[in-house]
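Structure file run.cif (mmCIF, C-alpha atoms) is printed below.
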data_entry
#
loop_
_atom_site.label_atom_id
_atom_site.label_comp_id
_atom_site.auth_asym_id
_atom_site.auth_seq_id
_atom_site.Cartn_x
_atom_site.Cartn_y
_atom_site.Cartn_z
CA MET A 1 0.00 0.00 0.00
CA ASN A 2 1.33 3.48 -0.93
CA MET A 3 0.66 5.67 2.11
CA THR A 4 -0.13 9.05 0.60
CA GLY A 5 -2.22 10.52 3.42
CA GLU A 6 -3.94 10.18 6.76
CA ASP A 7 -6.66 7.88 5.46
CA ASP A 8 -4.04 5.41 4.23
CA ILE A 9 -2.36 5.39 7.63
CA LEU A 10 -5.68 4.88 9.40
CA ALA A 11 -6.52 2.04 7.03
CA LEU A 12 -3.24 0.33 7.90
CA VAL A 13 -3.90 0.75 11.63
CA GLY A 14 -7.34 -0.77 11.08
CA ARG A 15 -5.73 -3.94 9.72
CA PHE A 16 -4.21 -4.54 13.15
CA PHE A 17 -6.84 -3.21 15.57
CA SER A 18 -10.56 -3.92 15.37
CA ALA A 19 -12.94 -0.98 15.86
CA GLU A 20 -15.26 -3.26 17.85
CA HIS A 21 -14.60 -4.38 21.41
CA PRO A 22 -16.73 -5.27 24.46
CA SER A 23 -15.51 -2.13 26.26
CA LEU A 24 -16.63 0.16 23.40
CA LEU A 25 -20.16 1.24 22.58
CA LEU A 26 -18.83 3.17 19.58
CA GLY A 27 -15.38 2.54 18.20
CA ARG A 28 -13.00 4.47 15.95
CA GLY A 29 -14.27 6.44 12.99
CA ASP A 30 -16.48 9.09 14.56
CA ASP A 31 -15.51 12.30 16.35
CA CYS A 32 -15.41 10.40 19.64
CA ALA A 33 -15.35 6.81 20.75
CA VAL A 34 -17.91 5.87 23.39
CA LEU A 35 -16.73 3.67 26.24
CA ARG A 36 -18.76 1.03 28.04
CA PRO A 37 -17.25 1.10 31.55
CA GLY A 38 -18.42 -1.72 33.74
CA ALA A 39 -16.61 -0.35 36.81
CA PRO A 40 -14.66 2.73 37.94
CA LEU A 41 -11.82 3.43 35.52
CA ALA A 42 -8.13 3.95 36.25
CA VAL A 43 -6.61 6.18 33.55
CA SER A 44 -2.96 6.85 32.70
CA THR A 45 -1.24 8.94 30.01
CA ASP A 46 2.40 8.65 28.95
CA ILE A 47 4.38 10.42 26.26
CA PHE A 48 6.99 8.32 24.46
CA ALA A 49 9.27 10.82 22.72
CA GLU A 50 12.07 10.23 20.23
CA ASP A 51 15.54 11.01 21.63
CA THR A 52 14.08 11.34 25.13
CA HIS A 53 12.54 7.91 25.75
CA PHE A 54 13.86 6.01 22.73
CA ARG A 55 16.26 6.29 19.83
CA THR A 56 15.50 4.93 16.38
CA ARG A 57 19.18 3.94 16.22
CA TYR A 58 18.50 0.88 18.37
CA PHE A 59 14.72 0.77 18.86
CA THR A 60 13.14 -1.12 16.00
CA PRO A 61 9.63 -0.05 14.94
CA TYR A 62 8.34 -3.14 16.75
CA ASP A 63 10.21 -2.14 19.93
CA THR A 64 8.80 1.38 19.71
CA GLY A 65 5.17 0.29 19.42
CA TYR A 66 5.54 -2.30 22.15
CA LYS A 67 7.18 -0.08 24.76
CA ALA A 68 4.99 2.97 24.04
CA LEU A 69 2.05 0.91 25.29
CA ALA A 70 3.87 -1.17 27.92
CA VAL A 71 4.65 1.86 30.09
CA ASN A 72 0.94 2.71 30.31
CA ILE A 73 -0.17 -0.82 31.11
CA SER A 74 2.36 -0.84 33.94
CA ASP A 75 0.66 2.20 35.51
CA ILE A 76 -2.76 0.58 35.14
CA GLY A 77 -1.48 -2.57 36.83
CA ALA A 78 -0.03 -0.58 39.70
CA SER A 79 -3.52 0.73 40.49
CA GLY A 80 -4.86 -2.81 40.74
CA ALA A 81 -7.04 -2.34 37.64
CA THR A 82 -7.50 -4.74 34.74
CA PRO A 83 -6.35 -3.02 31.50
CA ALA A 84 -9.20 -2.51 29.02
CA GLY A 85 -8.21 -0.08 26.26
CA LEU A 86 -6.22 2.83 24.94
CA SER A 87 -6.23 5.83 22.63
CA MET A 88 -3.09 7.01 20.85
CA GLY A 89 -1.70 10.26 19.51
CA LEU A 90 1.06 9.75 16.94
CA THR A 91 3.32 12.31 15.28
CA LEU A 92 5.13 10.96 12.21
CA THR A 93 8.13 12.56 10.53
CA GLY A 94 7.53 11.41 6.95
CA ARG A 95 10.41 8.93 7.14
CA GLU A 96 8.09 6.13 8.22
CA ASP A 97 6.85 3.90 5.40
CA GLU A 98 4.26 1.11 5.33
CA ALA A 99 6.78 -1.47 6.57
CA TRP A 100 7.74 0.75 9.52
CA LEU A 101 4.16 1.45 10.53
CA SER A 102 3.18 -2.21 10.18
CA GLU A 103 5.97 -3.27 12.55
CA PHE A 104 5.06 -0.47 14.96
CA CYS A 105 1.46 -1.70 15.04
CA ARG A 106 2.57 -5.31 15.38
CA GLY A 107 4.60 -4.46 18.49
CA MET A 108 1.68 -2.62 20.07
CA LYS A 109 -0.74 -5.38 19.08
CA GLU A 110 1.31 -7.98 20.96
CA LEU A 111 0.35 -6.29 24.22
CA CYS A 112 -3.20 -5.54 23.05
CA ASP A 113 -3.69 -9.26 22.43
CA ARG A 114 -1.99 -10.27 25.68
CA PHE A 115 -4.25 -7.99 27.75
CA SER A 116 -7.34 -7.94 25.47
CA LEU A 117 -7.21 -4.18 24.89
CA ALA A 118 -9.33 -2.02 22.60
CA LEU A 119 -7.83 0.82 20.54
CA SER A 120 -10.56 3.45 20.75
CA GLY A 121 -8.96 6.05 18.47
CA GLY A 122 -6.56 8.96 18.72
CA ASP A 123 -4.92 11.52 16.48
CA LEU A 124 -2.26 11.81 13.78
CA ALA A 125 0.06 14.71 13.00
CA ARG A 126 3.36 15.43 11.28
CA SER A 127 6.41 16.65 13.19
CA SER A 128 10.20 16.75 13.03
CA LEU A 129 10.42 14.04 15.70
CA LEU A 130 8.57 10.78 16.20
CA ASN A 131 6.38 10.96 19.33
CA ILE A 132 3.70 8.67 20.71
CA CYS A 133 1.21 9.68 23.41
CA VAL A 134 -0.89 6.85 24.81
CA THR A 135 -3.80 7.16 27.20
CA ALA A 136 -4.81 3.79 28.63
CA TRP A 137 -7.56 2.83 30.99
CA GLY A 138 -8.49 -0.18 33.08
CA GLU A 139 -11.39 -1.29 35.24
CA LEU A 140 -11.02 -1.40 39.00
CA PRO A 141 -12.49 -4.30 40.94
CA GLU A 142 -15.80 -3.81 42.70
CA GLY A 143 -15.18 -2.57 46.21
CA LEU A 144 -11.94 -0.76 45.31
CA PRO A 145 -13.21 2.44 43.64
CA ARG A 146 -10.00 4.43 44.19
CA GLY A 147 -7.64 1.58 43.38
CA LEU A 148 -4.33 0.78 45.05
CA ARG A 149 -2.41 3.94 45.88
CA ARG A 150 0.84 5.34 47.20
CA GLY A 151 1.31 6.74 50.69
CA MET A 152 -0.59 4.12 52.68
CA ALA A 153 2.43 2.84 54.63
CA GLN A 154 2.88 3.01 58.39
CA GLU A 155 5.87 2.31 60.60
CA GLY A 156 6.57 -1.40 60.82
CA ASP A 157 5.09 -2.24 57.41
CA ILE A 158 7.22 -4.23 55.02
CA ILE A 159 8.33 -3.03 51.59
CA PHE A 160 8.23 -5.57 48.79
CA LEU A 161 9.21 -5.67 45.14
CA ILE A 162 7.66 -7.65 42.28
CA GLY A 163 9.99 -7.98 39.30
CA GLY A 164 13.63 -7.07 38.89
CA VAL A 165 15.55 -3.80 39.01
CA GLY A 166 18.67 -2.58 37.25
CA GLN A 167 18.46 -4.60 34.06
CA ALA A 168 16.71 -1.88 32.03
CA ARG A 169 19.32 0.65 33.14
CA LEU A 170 22.04 -1.77 32.06
CA GLY A 171 20.36 -2.29 28.68
CA LEU A 172 20.12 1.48 28.17
CA THR A 173 23.73 2.03 29.21
CA LEU A 174 25.02 -0.60 26.82
CA LEU A 175 22.86 0.40 23.85
CA GLU A 176 23.66 4.09 24.28
CA ALA A 177 27.35 3.21 23.98
CA CYS A 178 26.86 1.54 20.59
CA PRO A 179 28.20 3.67 17.70
CA ASP A 180 26.11 2.06 14.97
CA ALA A 181 23.36 -0.46 14.19
CA GLU A 182 25.82 -3.36 13.87
CA ALA A 183 27.19 -2.72 17.36
CA CYS A 184 23.65 -2.46 18.72
CA GLU A 185 22.77 -5.84 17.24
CA LYS A 186 25.85 -7.40 18.81
CA THR A 187 25.01 -5.89 22.17
CA ARG A 188 21.49 -7.30 21.99
CA LYS A 189 23.00 -10.76 21.44
CA ASP A 190 25.68 -10.43 24.14
CA TRP A 191 23.35 -8.94 26.80
CA PRO A 192 19.93 -10.34 25.90
CA GLU A 193 18.18 -9.97 29.27
CA ALA A 194 19.32 -6.41 29.88
CA CYS A 195 18.41 -5.26 26.38
CA ALA A 196 15.04 -7.00 26.55
CA ALA A 197 14.34 -5.33 29.91
CA HIS A 198 14.92 -1.93 28.32
CA LEU A 199 13.23 -2.55 24.97
CA HIS A 200 10.44 -5.00 25.88
CA PRO A 201 9.42 -4.63 29.54
CA LEU A 202 6.53 -6.90 30.50
CA PRO A 203 3.88 -4.93 32.41
CA LEU A 204 2.89 -6.63 35.65
CA ALA A 205 -0.82 -5.90 35.37
CA LYS A 206 -1.94 -9.40 36.33
CA GLU A 207 0.19 -9.24 39.47
CA GLY A 208 -1.30 -5.83 40.28
CA ALA A 209 -4.83 -7.19 39.91
CA ALA A 210 -3.95 -10.07 42.25
CA LEU A 211 -2.75 -7.56 44.85
CA ALA A 212 -6.03 -5.66 44.52
CA ARG A 213 -7.98 -8.87 45.18
CA PHE A 214 -5.74 -9.58 48.17
CA ALA A 215 -6.36 -6.10 49.56
CA LEU A 216 -10.12 -6.50 49.18
CA HIS A 217 -10.16 -9.95 50.77
CA HIS A 218 -8.23 -8.75 53.82
CA GLN A 219 -9.84 -5.29 53.98
CA LEU A 220 -6.51 -3.61 53.28
CA GLU A 221 -7.81 -1.04 50.78
CA ASP A 222 -6.21 1.78 52.79
CA ARG A 223 -3.21 -0.17 54.09
CA LEU A 224 -1.69 -1.87 51.04
CA SER A 225 0.12 0.58 48.77
CA LEU A 226 1.55 0.03 45.31
CA MET A 227 3.28 1.88 42.48
CA ASP A 228 5.21 1.01 39.34
CA VAL A 229 8.96 1.53 39.44
CA SER A 230 9.62 3.65 36.36
CA ASP A 231 12.27 6.09 37.63
CA GLY A 232 14.25 3.62 39.78
CA LEU A 233 13.89 2.56 43.40
CA ALA A 234 16.01 5.48 44.61
CA ARG A 235 13.44 7.99 43.36
CA ASP A 236 10.26 5.92 43.52
CA LEU A 237 10.47 4.49 47.05
CA PRO A 238 10.23 7.97 48.66
CA ARG A 239 7.16 8.53 46.47
CA LEU A 240 5.68 5.21 47.57
CA LEU A 241 6.19 6.15 51.23
CA ALA A 242 5.18 9.81 50.69
CA GLY A 243 8.36 10.49 52.61
CA THR A 244 8.37 14.28 52.33
CA LYS A 245 4.95 14.39 54.02
CA THR A 246 5.14 11.43 56.41
CA GLY A 247 8.83 11.44 57.32
CA LEU A 248 8.92 7.72 56.59
CA GLY A 249 11.93 5.91 55.20
CA ALA A 250 13.39 2.42 55.40
CA ASP A 251 16.57 0.40 55.59
CA ILE A 252 16.59 -1.29 52.18
CA VAL A 253 18.63 -4.45 51.69
CA LEU A 254 19.55 -5.38 48.14
CA SER A 255 22.24 -8.03 47.77
CA ALA A 256 24.07 -9.54 44.82
CA ASP A 257 21.82 -12.60 45.13
CA ASP A 258 18.82 -10.38 44.31
CA LEU A 259 20.31 -9.17 41.01
CA SER A 260 20.50 -10.64 37.53
CA PRO A 261 23.67 -12.41 36.34
CA GLU A 262 24.12 -9.79 33.61
CA ILE A 263 24.23 -6.97 36.17
CA LEU A 264 26.80 -8.90 38.18
CA ARG A 265 28.84 -9.57 35.03
CA TYR A 266 28.76 -5.88 34.14
CA ALA A 267 29.75 -4.92 37.69
CA GLU A 268 32.72 -7.29 37.61
CA LYS A 269 33.76 -5.88 34.24
CA THR A 270 33.47 -2.20 35.18
CA GLY A 271 34.07 -2.16 38.95
CA ILE A 272 30.74 -0.53 39.80
CA CYS A 273 28.76 -1.47 42.92
CA ALA A 274 26.01 -3.70 41.55
CA PRO A 275 23.35 -3.02 44.26
CA ASP A 276 23.87 0.75 43.99
CA PHE A 277 23.59 0.57 40.19
CA ALA A 278 20.38 -1.47 40.36
CA PHE A 279 18.87 0.70 43.11
CA GLU A 280 19.27 3.84 41.02
CA GLY A 281 17.86 1.91 38.06
CA GLY A 282 15.20 3.46 35.86
CA GLU A 283 12.50 2.09 33.53
CA ASP A 284 12.32 -1.16 35.47
CA TYR A 285 8.49 -1.30 35.40
CA ALA A 286 8.57 -3.52 38.44
CA LEU A 287 5.97 -3.03 41.19
CA ALA A 288 6.94 -1.78 44.63
CA GLY A 289 4.50 -1.94 47.51
CA THR A 290 3.98 -1.93 51.25
CA CYS A 291 1.72 -3.93 53.52
CA PRO A 292 1.37 -4.67 57.24
CA ALA A 293 4.06 -7.16 58.23
CA GLN A 294 1.65 -9.82 59.47
CA PHE A 295 0.21 -10.20 55.95
CA TRP A 296 3.53 -10.68 54.17
CA PRO A 297 3.76 -14.50 54.53
CA GLU A 298 0.35 -14.98 52.89
CA LEU A 299 0.96 -12.28 50.29
CA SER A 300 4.30 -13.82 49.34
CA ARG A 301 2.53 -17.16 48.78
CA VAL A 302 0.08 -15.41 46.43
CA LEU A 303 2.94 -13.80 44.52
CA SER A 304 4.78 -17.11 44.25
CA THR A 305 2.04 -18.35 41.90
CA PHE A 306 3.37 -15.97 39.21
CA ASP A 307 6.53 -16.45 37.17
CA THR A 308 7.68 -12.96 38.19
CA PRO A 309 10.06 -13.03 41.19
CA SER A 310 9.16 -11.11 44.34
CA LEU A 311 11.42 -9.85 47.10
CA LEU A 312 11.19 -8.41 50.61
CA LEU A 313 13.19 -5.16 50.53
CA GLY A 314 12.93 -3.84 54.07
CA THR A 315 10.78 -2.41 56.85
CA VAL A 316 9.24 1.06 57.02
CA ARG A 317 10.48 3.35 59.79
CA LYS A 318 10.82 7.03 60.55
CA GLY A 319 13.90 8.64 59.10
CA PRO A 320 15.83 8.65 55.82
CA LEU A 321 16.00 5.94 53.21
CA THR A 322 19.18 3.87 53.29
CA LEU A 323 20.53 1.13 51.05
CA ASN A 324 22.61 -1.64 52.59
CA GLY A 325 23.42 0.60 55.54
CA HIS A 326 24.44 3.78 53.69
CA SER A 327 22.75 6.77 52.11
CA PRO A 328 21.94 6.22 48.40
CA HIS A 329 24.58 7.65 46.11
CA SER A 330 21.95 9.19 43.85
CA ALA A 331 18.36 10.36 44.15
CA GLY A 332 17.58 8.61 40.85
CA PHE A 333 16.37 9.83 37.47
CA ASP A 334 14.43 13.07 36.97
CA HIS A 335 13.43 14.34 33.49
CA PHE A 336 13.73 17.96 34.57
CA SER A 337 16.83 17.87 36.80
CA CYS A 338 19.30 18.75 34.05
#

Can you turn what I pasted into structure tokens?
Amino acid sequence: MNMTGEDDILALVGRFFSAEHPSLLLGRGDDCAVLRPGAPLAVSTDIFAEDTHFRTRYFTPYDTGYKALAVNISDIGASGATPAGLSMGLTLTGREDEAWLSEFCRGMKELCDRFSLALSGGDLARSSLLNICVTAWGELPEGLPRGLRRGMAQEGDIIFLIGGVGQARLGLTLLEACPDAEACEKTRKDWPEACAAHLHPLPLAKEGAALARFALHHQLEDRLSLMDVSDGLARDLPRLLAGTKTGLGADIVLSADDLSPEILRYAEKTGICAPDFAFEGGEDYALAGTCPAQFWPELSRVLSTFDTPSLLLGTVRKGPLTLNGHSPHSAGFDHFSC
């Protein structure tokens, strides 16, 4: 197909995403889609911008479509909601041809199929940079109208982690150092887990929904907190604990046994401190949470039913956040700090 205009692009998108879905009363093609919410909705918007969140030098079109949606689904999962659909704004540069757009849609469709998501519509524009803005929504379980939230922790609660940390940062570090496409391809082969963690993070929405059910069953709606780890534990744990308001911190323990072999290999090669590197992290899309200590044994059994590893990180207390007995070397990533 020769894509000569917006209608051609929309027709290509329509080959991948149906306009009909149980969560839509009216799908794409009109001025607005009409949703059919069966429960309160959790909504999240993320911008995925070229040369800020990804580089076309080592992100394939498939990678770009996949991750642009994955970051939103991670937020939905952290609320305890079940992902239901999305709308997408897309600015194209004119360099993208039919093959590029097909692969982009195929990457996004992998997650749409995995989580049974509807694409309700969106907008197209032309720009000098490739940018994707996704708004996703999910349905919260009955009895949990505000979802799982941050800032519910109290002294003595435990802090837990679902998923790994540090691998995405390693993948980014290695890929950024590649001078050309050939070097990027070699890096992807030599460091497969780290590169996959950066390019293809798996959103933990099913684990988040299980935590919501656990909270409802044990009447912990206002005592179990959860958030997705997108900016690294160093920056996100204070947000989870609402530390600036509550004065809460924790003594976090993160050992070499808790880290991936590729992080340990990189640490041995470069001389960095592996736990510090992983703690600063970034784009992990793990889930960090807190709960009263007496519920941790049962909660850990629930989490053990998933393939995703889970880990007890520490105990909430008054005071600063420490890692392995010392102050963190960095406050973590901030888009607007430089």

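For the choices A:Ala33, A:Pro61, A:Ser260, A:Gly156, the atom-to-atom distance to Asp97 in chain A is smallest for A:Pro61 when using all atoms listed in the file.
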
Legend entry - Explicit residues for the PyMOL selection byres ((chain A and resi 29) around 10) (as a list of chain:residue names): A:Leu10, A:Ala19, A:Leu26, A:Gly27, A:Arg28, A:Asp30, A:Asp31, A:Cys32, A:Ala33, A:Ser120, A:Gly121, A:Gly122

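Across the structure, CA of Arg95 in chain A and CA of Asp46 in chain A are spaced 23.2 Å apart.
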
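One finds CA of Ala42 in chain A at 20.2 Å from CA of His217 in chain A.
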
Legend entry - Surrounding residues of Pro292 in chain A excluding itself and chain neighbours under 6 positions, 10 Å, only C-alpha atoms, as number ranges by chain: A: 153-159, 220, 223-224, 315-316

Could you complete range 39-50 of chain A so that it carries all heavy atoms, and give it back as an mmCIF file, keeping the file's coordinate frame?
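The resulting out31.cif:
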data_model
loop_
_atom_site.group_PDB
_atom_site.id
_atom_site.type_symbol
_atom_site.label_atom_id
_atom_site.label_comp_id
_atom_site.auth_asym_id
_atom_site.auth_seq_id
_atom_site.Cartn_x
_atom_site.Cartn_y
_atom_site.Cartn_z
ATOM 1 N N ALA A 39 -17.089 -0.613 35.457
ATOM 2 C CA ALA A 39 -16.610 -0.350 36.810
ATOM 3 C C ALA A 39 -15.873 0.978 36.784
ATOM 4 O O ALA A 39 -15.634 1.546 35.710
ATOM 5 C CB ALA A 39 -15.671 -1.476 37.257
ATOM 6 N N PRO A 40 -15.502 1.530 37.948
ATOM 7 C CA PRO A 40 -14.660 2.730 37.940
ATOM 8 C C PRO A 40 -13.396 2.504 37.124
ATOM 9 O O PRO A 40 -12.827 1.415 37.123
ATOM 10 C CB PRO A 40 -14.340 2.938 39.425
ATOM 11 C CG PRO A 40 -15.466 2.300 40.155
ATOM 12 C CD PRO A 40 -15.859 1.111 39.321
ATOM 13 N N LEU A 41 -12.954 3.553 36.417
ATOM 14 C CA LEU A 41 -11.820 3.430 35.520
ATOM 15 C C LEU A 41 -10.568 4.070 36.108
ATOM 16 O O LEU A 41 -10.616 5.183 36.642
ATOM 17 C CB LEU A 41 -12.120 4.097 34.168
ATOM 18 C CG LEU A 41 -13.278 3.515 33.358
ATOM 19 C CD1 LEU A 41 -13.410 4.281 32.042
ATOM 20 C CD2 LEU A 41 -13.069 2.030 33.084
ATOM 21 N N ALA A 42 -9.447 3.378 35.991
ATOM 22 C CA ALA A 42 -8.130 3.950 36.250
ATOM 23 C C ALA A 42 -7.553 4.380 34.909
ATOM 24 O O ALA A 42 -7.592 3.612 33.947
ATOM 25 C CB ALA A 42 -7.221 2.923 36.919
ATOM 26 N N VAL A 43 -7.060 5.607 34.819
ATOM 27 C CA VAL A 43 -6.610 6.180 33.550
ATOM 28 C C VAL A 43 -5.176 6.673 33.690
ATOM 29 O O VAL A 43 -4.823 7.283 34.701
ATOM 30 C CB VAL A 43 -7.523 7.345 33.106
ATOM 31 C CG1 VAL A 43 -7.055 7.921 31.774
ATOM 32 C CG2 VAL A 43 -8.975 6.888 32.988
ATOM 33 N N SER A 44 -4.358 6.416 32.674
ATOM 34 C CA SER A 44 -2.960 6.850 32.700
ATOM 35 C C SER A 44 -2.559 7.332 31.313
ATOM 36 O O SER A 44 -2.955 6.749 30.300
ATOM 37 C CB SER A 44 -2.049 5.692 33.120
ATOM 38 O OG SER A 44 -0.687 6.069 33.026
ATOM 39 N N THR A 45 -1.767 8.408 31.268
ATOM 40 C CA THR A 45 -1.240 8.940 30.010
ATOM 41 C C THR A 45 0.279 9.025 30.087
ATOM 42 O O THR A 45 0.828 9.501 31.079
ATOM 43 C CB THR A 45 -1.807 10.345 29.722
ATOM 44 O OG1 THR A 45 -3.224 10.265 29.577
ATOM 45 C CG2 THR A 45 -1.206 10.922 28.443
ATOM 46 N N ASP A 46 0.939 8.551 29.041
ATOM 47 C CA ASP A 46 2.400 8.650 28.950
ATOM 48 C C ASP A 46 2.794 9.111 27.564
ATOM 49 O O ASP A 46 2.220 8.665 26.555
ATOM 50 C CB ASP A 46 3.057 7.295 29.234
ATOM 51 C CG ASP A 46 3.275 7.054 30.717
ATOM 52 O OD1 ASP A 46 4.143 7.725 31.291
ATOM 53 O OD2 ASP A 46 2.569 6.206 31.282
ATOM 54 N N ILE A 47 3.769 9.998 27.513
ATOM 55 C CA ILE A 47 4.380 10.420 26.260
ATOM 56 C C ILE A 47 5.639 9.596 26.045
ATOM 57 O O ILE A 47 6.441 9.419 26.959
ATOM 58 C CB ILE A 47 4.709 11.922 26.295
ATOM 59 C CG1 ILE A 47 3.431 12.753 26.390
ATOM 60 C CG2 ILE A 47 5.526 12.336 25.069
ATOM 61 C CD1 ILE A 47 3.669 14.219 26.664
ATOM 62 N N PHE A 48 5.812 9.102 24.832
ATOM 63 C CA PHE A 48 6.990 8.320 24.460
ATOM 64 C C PHE A 48 7.655 9.075 23.321
ATOM 65 O O PHE A 48 7.203 9.024 22.173
ATOM 66 C CB PHE A 48 6.546 6.914 24.040
ATOM 67 C CG PHE A 48 7.636 5.882 24.052
ATOM 68 C CD1 PHE A 48 8.374 5.635 25.196
ATOM 69 C CD2 PHE A 48 7.909 5.128 22.917
ATOM 70 C CE1 PHE A 48 9.372 4.669 25.212
ATOM 71 C CE2 PHE A 48 8.895 4.161 22.920
ATOM 72 C CZ PHE A 48 9.627 3.940 24.079
ATOM 73 N N ALA A 49 8.716 9.835 23.639
ATOM 74 C CA ALA A 49 9.270 10.820 22.720
ATOM 75 C C ALA A 49 10.624 10.381 22.183
ATOM 76 O O ALA A 49 11.498 9.944 22.944
ATOM 77 C CB ALA A 49 9.411 12.168 23.431
ATOM 78 N N GLU A 50 10.801 10.557 20.876
ATOM 79 C CA GLU A 50 12.070 10.230 20.230
ATOM 80 C C GLU A 50 13.194 11.066 20.835
ATOM 81 O O GLU A 50 13.058 12.266 21.074
ATOM 82 C CB GLU A 50 11.973 10.493 18.727
ATOM 83 C CG GLU A 50 13.233 10.109 17.963
ATOM 84 C CD GLU A 50 13.118 10.347 16.464
ATOM 85 O OE1 GLU A 50 12.058 10.803 15.991
ATOM 86 O OE2 GLU A 50 14.123 10.084 15.772
#
